[in-house]
file protein_21.cif (mmCIF, C-alpha atoms)
data_upload
#
loop_
_atom_site.label_atom_id
_atom_site.label_comp_id
_atom_site.auth_asym_id
_atom_site.auth_seq_id
_atom_site.Cartn_x
_atom_site.Cartn_y
_atom_site.Cartn_z
CA MET X 132 -62.99 31.32 41.09
CA GLU X 133 -63.06 33.40 37.93
CA ASN X 134 -64.66 36.38 39.74
CA LYS X 135 -61.93 36.36 42.39
CA ALA X 136 -59.21 36.51 39.73
CA LEU X 137 -61.03 39.36 37.98
CA LYS X 138 -61.39 41.29 41.24
CA GLU X 139 -57.70 40.86 41.98
CA GLU X 140 -56.86 42.08 38.49
CA ILE X 141 -59.07 45.16 38.89
CA VAL X 142 -57.51 46.00 42.26
CA ASN X 143 -54.10 45.97 40.59
CA THR X 144 -53.39 49.65 39.79
CA LYS X 145 -52.52 48.71 36.23
CA PHE X 146 -56.04 47.48 35.54
CA CYS X 147 -58.31 49.48 37.85
CA PRO X 148 -60.46 51.69 35.60
CA MET X 149 -61.29 54.11 38.44
CA GLU X 150 -57.64 54.63 39.33
CA PHE X 151 -56.78 55.11 35.66
CA ALA X 152 -59.55 57.70 35.25
CA MET X 153 -58.56 59.56 38.40
CA ASN X 154 -54.88 59.62 37.44
CA LYS X 155 -55.72 61.17 34.09
CA SER X 156 -58.31 63.70 35.22
CA ALA X 157 -57.71 64.30 38.92
CA GLY X 158 -55.84 67.00 40.65
CA LYS X 159 -57.01 70.30 41.93
CA TRP X 160 -57.01 71.97 38.52
CA LYS X 161 -57.44 69.56 35.61
CA LEU X 162 -61.23 69.33 35.57
CA VAL X 163 -61.50 73.08 36.22
CA ILE X 164 -59.21 73.79 33.27
CA LEU X 165 -61.13 71.37 31.05
CA TRP X 166 -64.43 72.99 32.10
CA HIS X 167 -63.25 76.49 31.18
CA ILE X 168 -61.95 75.28 27.84
CA TYR X 169 -65.27 73.54 27.22
CA GLU X 170 -67.25 76.68 28.10
CA ASN X 171 -65.21 78.82 25.70
CA GLU X 172 -64.61 76.23 22.95
CA GLU X 173 -61.23 77.88 22.28
CA ILE X 174 -59.34 79.90 24.84
CA ARG X 175 -55.98 81.58 25.09
CA PHE X 176 -53.61 81.02 28.00
CA ASN X 177 -54.09 84.46 29.59
CA GLU X 178 -57.88 84.22 29.34
CA LEU X 179 -57.72 80.84 31.02
CA MET X 180 -55.42 82.25 33.69
CA ARG X 181 -57.87 85.08 34.45
CA SER X 182 -60.87 82.76 34.57
CA ILE X 183 -59.41 80.37 37.17
CA ASN X 184 -59.07 81.76 40.69
CA LYS X 185 -55.80 81.21 42.54
CA ILE X 186 -53.99 79.11 39.92
CA THR X 187 -50.37 80.05 39.33
CA HIS X 188 -48.84 80.56 35.90
CA LYS X 189 -46.51 77.62 36.51
CA MET X 190 -49.32 75.27 37.59
CA LEU X 191 -51.55 76.21 34.65
CA SER X 192 -48.65 75.60 32.24
CA TYR X 193 -47.87 72.24 33.84
CA GLN X 194 -51.48 71.04 33.90
CA LEU X 195 -52.09 72.14 30.30
CA LYS X 196 -48.96 70.29 29.20
CA GLU X 197 -50.23 67.09 30.87
CA LEU X 198 -53.71 67.52 29.37
CA VAL X 199 -52.20 68.00 25.91
CA ASN X 200 -49.90 64.99 26.35
CA ASP X 201 -52.83 62.84 27.52
CA GLY X 202 -54.85 63.84 24.45
CA PHE X 203 -57.62 65.78 26.22
CA VAL X 204 -56.63 69.23 24.96
CA HIS X 205 -55.43 70.48 21.57
CA LYS X 206 -52.85 73.26 21.57
CA GLU X 207 -52.89 75.42 18.43
CA MET X 208 -49.83 77.62 17.99
CA TYR X 209 -50.05 80.41 15.42
CA LYS X 210 -46.85 81.65 13.81
CA GLN X 211 -47.14 85.36 14.41
CA ILE X 212 -45.66 88.08 16.56
CA PRO X 213 -46.61 88.26 19.35
CA PRO X 214 -47.12 84.50 19.57
CA LYS X 215 -50.70 83.30 19.80
CA VAL X 216 -51.71 79.97 21.35
CA GLU X 217 -55.24 78.65 21.71
CA TYR X 218 -56.48 75.61 23.58
CA SER X 219 -59.54 73.52 22.75
CA LEU X 220 -60.92 70.13 23.72
CA THR X 221 -60.08 67.17 21.53
CA ASP X 222 -62.71 64.56 20.74
CA HIS X 223 -61.15 62.53 23.55
CA GLY X 224 -61.48 65.51 25.90
CA LYS X 225 -65.12 65.98 24.91
CA THR X 226 -65.88 62.50 26.28
CA LEU X 227 -65.44 64.03 29.76
CA VAL X 228 -68.11 66.73 29.18
CA PRO X 229 -71.07 64.68 30.52
CA ILE X 230 -69.11 63.91 33.69
CA MET X 231 -68.06 67.54 34.09
CA LYS X 232 -71.66 68.70 33.60
CA MET X 233 -72.83 66.35 36.36
CA LEU X 234 -70.09 67.61 38.69
CA PHE X 235 -70.98 71.23 37.83
CA GLU X 236 -74.65 70.61 38.58
CA TRP X 237 -73.78 68.84 41.83
CA GLY X 238 -71.52 71.73 42.84
CA SER X 239 -74.24 74.26 42.01
CA LYS X 240 -76.75 72.44 44.20
CA HIS X 241 -74.50 71.68 47.14
CA ARG X 242 -72.13 74.61 47.55
CA LYS X 243 -72.73 76.87 50.49
CA THR X 244 -73.85 80.34 49.59
CA ASN X 245 -72.47 83.16 51.64
#
call {"tool": "encode", "arguments": {"input": "protein_21.cif", "output": "structure tokens"}}
result
Amino acid sequence: MENKALKEEIVNTKFCPMEFAMNKSAGKWKLVILWHIYENEEIRFNELMRSINKITHKMLSYQLKELVNDGFVHKEMYKQIPPKVEYSLTDHGKTLVPIMKMLFEWGSKHRKTN
């Protein structure tokens, strides 16, 4: 009886760990953005924009804002002219690195080469 109640609780979107994880990290761009930040340690917006194929300025801005709000990315704004902003992974964001490495390795092994 206890297992059934637990299963029902997990299925509830409020408690499902998989759904929570996917809501925070999913989307076409979030893991890609996090990967590029990880690879560079610190990266500026325009560098990030150039390193990600086919992402729009608006989408990159939106996704970065969500990643900052969710605590995965730190946004450092320097008071200078012209303005300078750098992005880096927070400690919370770094917890996704092992998962991203596994996905990167899987993608390297299974993508079709043309």
call {"tool": "resolve_selection", "arguments": {"input": "protein_21.cif", "expression": "the PyMOL selection byres ((chain X and resi 206) around 6)", "output": "VMD selection string"}}
result
chain X and resid 205 207 217 to 218
call {"tool": "residues_around", "arguments": {"input": "protein_21.cif", "residues": "Ile168 in chain X", "least_positions_apart": "5", "cutoff": "10 Å", "atoms": "all atoms listed in the file", "output": "PyMOL selection string"}}
result
chain X and resi 162-163+173-175+178-179+204+217-220+224
call {"tool": "residues_around", "arguments": {"input": "protein_21.cif", "residues": "range 190-198 of chain X", "least_positions_apart": "3", "cutoff": "8 Å", "atoms": "all atoms listed in the file", "output": "number ranges by chain"}}
result
X: 160-161, 164, 180, 186-187, 201-204
call {"tool": "closest_residue", "arguments": {"input": "protein_21.cif", "among": "X:Lys240, X:His223, X:Lys215, X:Leu234", "to": "Asn177 in chain X", "atoms": "only C-alpha atoms"}}
result
X:Lys215
call {"tool": "closest_residue", "arguments": {"input": "protein_21.cif", "among": "X:Met149, X:Leu165, X:Ile183, X:Ala157", "to": "Lys225 in chain X", "atoms": "all atoms listed in the file"}}
result
X:Leu165
call {"tool": "atom_distance", "arguments": {"input": "protein_21.cif", "atom1": "CA of Glu170 in chain X", "atom2": "CA of Pro229 in chain X"}}
result
12.8 Å
call {"tool": "atom_distance", "arguments": {"input": "protein_21.cif", "atom1": "CA of Tyr209 in chain X", "atom2": "CA of Met231 in chain X"}}
result
29.0 Å
call {"tool": "closest_residue", "arguments": {"input": "protein_21.cif", "among": "X:Val228, X:Phe176, X:Asn200, X:His188", "to": "Lys155 in chain X", "atoms": "only C-alpha atoms"}}
result
X:Asn200
call {"tool": "atom_distance", "arguments": {"input": "protein_21.cif", "atom1": "CA of Gly238 in chain X", "atom2": "CA of Asn154 in chain X"}}
result
21.3 Å
call {"tool": "closest_residue", "arguments": {"input": "protein_21.cif", "among": "X:Gln211, X:Glu236, X:Thr226, X:Arg242", "to": "Ala152 in chain X", "atoms": "only C-alpha atoms"}}
result
X:Thr226
call {"tool": "decode", "arguments": {"input": "protein_21.cif", "residues": "range 199-214 of chain X", "atoms": "N, CA and C atoms", "output": "JSON list (two decimals), in the first residue's frame"}}
result
[["chain", "number", "residue", "atom", "x", "y", "z"],
["X", 199, "VAL", "N", 20.03, 31.91, -15.32],
["X", 199, "VAL", "CA", 20.47, 32.74, -14.20],
["X", 199, "VAL", "C", 19.44, 32.68, -13.08],
["X", 200, "ASN", "N", 18.17, 32.83, -13.42],
["X", 200, "ASN", "CA", 17.09, 32.80, -12.41],
["X", 200, "ASN", "C", 17.01, 31.46, -11.70],
["X", 201, "ASP", "N", 17.32, 30.37, -12.40],
["X", 201, "ASP", "CA", 17.27, 29.04, -11.81],
["X", 201, "ASP", "C", 18.55, 28.69, -11.05],
["X", 202, "GLY", "N", 19.54, 29.59, -11.08],
["X", 202, "GLY", "CA", 20.76, 29.39, -10.30],
["X", 202, "GLY", "C", 21.81, 28.54, -10.95],
["X", 203, "PHE", "N", 21.70, 28.26, -12.25],
["X", 203, "PHE", "CA", 22.71, 27.46, -12.96],
["X", 203, "PHE", "C", 23.87, 28.31, -13.48],
["X", 204, "VAL", "N", 23.58, 29.56, -13.78],
["X", 204, "VAL", "CA", 24.56, 30.45, -14.40],
["X", 204, "VAL", "C", 24.68, 31.73, -13.58],
["X", 205, "HIS", "N", 25.92, 32.20, -13.46],
["X", 205, "HIS", "CA", 26.21, 33.48, -12.81],
["X", 205, "HIS", "C", 26.46, 34.52, -13.90],
["X", 206, "LYS", "N", 25.83, 35.66, -13.74],
["X", 206, "LYS", "CA", 25.99, 36.77, -14.69],
["X", 206, "LYS", "C", 26.77, 37.87, -13.99],
["X", 207, "GLU", "N", 27.96, 38.15, -14.48],
["X", 207, "GLU", "CA", 28.81, 39.20, -13.91],
["X", 207, "GLU", "C", 28.78, 40.41, -14.82],
["X", 208, "MET", "N", 28.28, 41.53, -14.29],
["X", 208, "MET", "CA", 28.20, 42.76, -15.07],
["X", 208, "MET", "C", 29.27, 43.73, -14.57],
["X", 209, "TYR", "N", 30.12, 44.17, -15.48],
["X", 209, "TYR", "CA", 31.19, 45.11, -15.15],
["X", 209, "TYR", "C", 30.73, 46.52, -15.49],
["X", 210, "LYS", "N", 30.97, 47.43, -14.58],
["X", 210, "LYS", "CA", 30.57, 48.83, -14.80],
["X", 210, "LYS", "C", 31.67, 49.51, -15.60],
["X", 211, "GLN", "N", 31.50, 49.49, -16.89],
["X", 211, "GLN", "CA", 32.44, 50.14, -17.80],
["X", 211, "GLN", "C", 31.72, 50.47, -19.09],
["X", 212, "ILE", "N", 32.36, 51.26, -19.90],
["X", 212, "ILE", "CA", 31.80, 51.60, -21.21],
["X", 212, "ILE", "C", 32.80, 51.14, -22.25],
["X", 213, "PRO", "N", 32.39, 50.33, -23.22],
["X", 213, "PRO", "CA", 31.07, 49.72, -23.37],
["X", 213, "PRO", "C", 30.85, 48.68, -22.27],
["X", 214, "PRO", "N", 29.58, 48.38, -21.99],
["X", 214, "PRO", "CA", 29.27, 47.41, -20.93],
["X", 214, "PRO", "C", 29.88, 46.05, -21.23]]
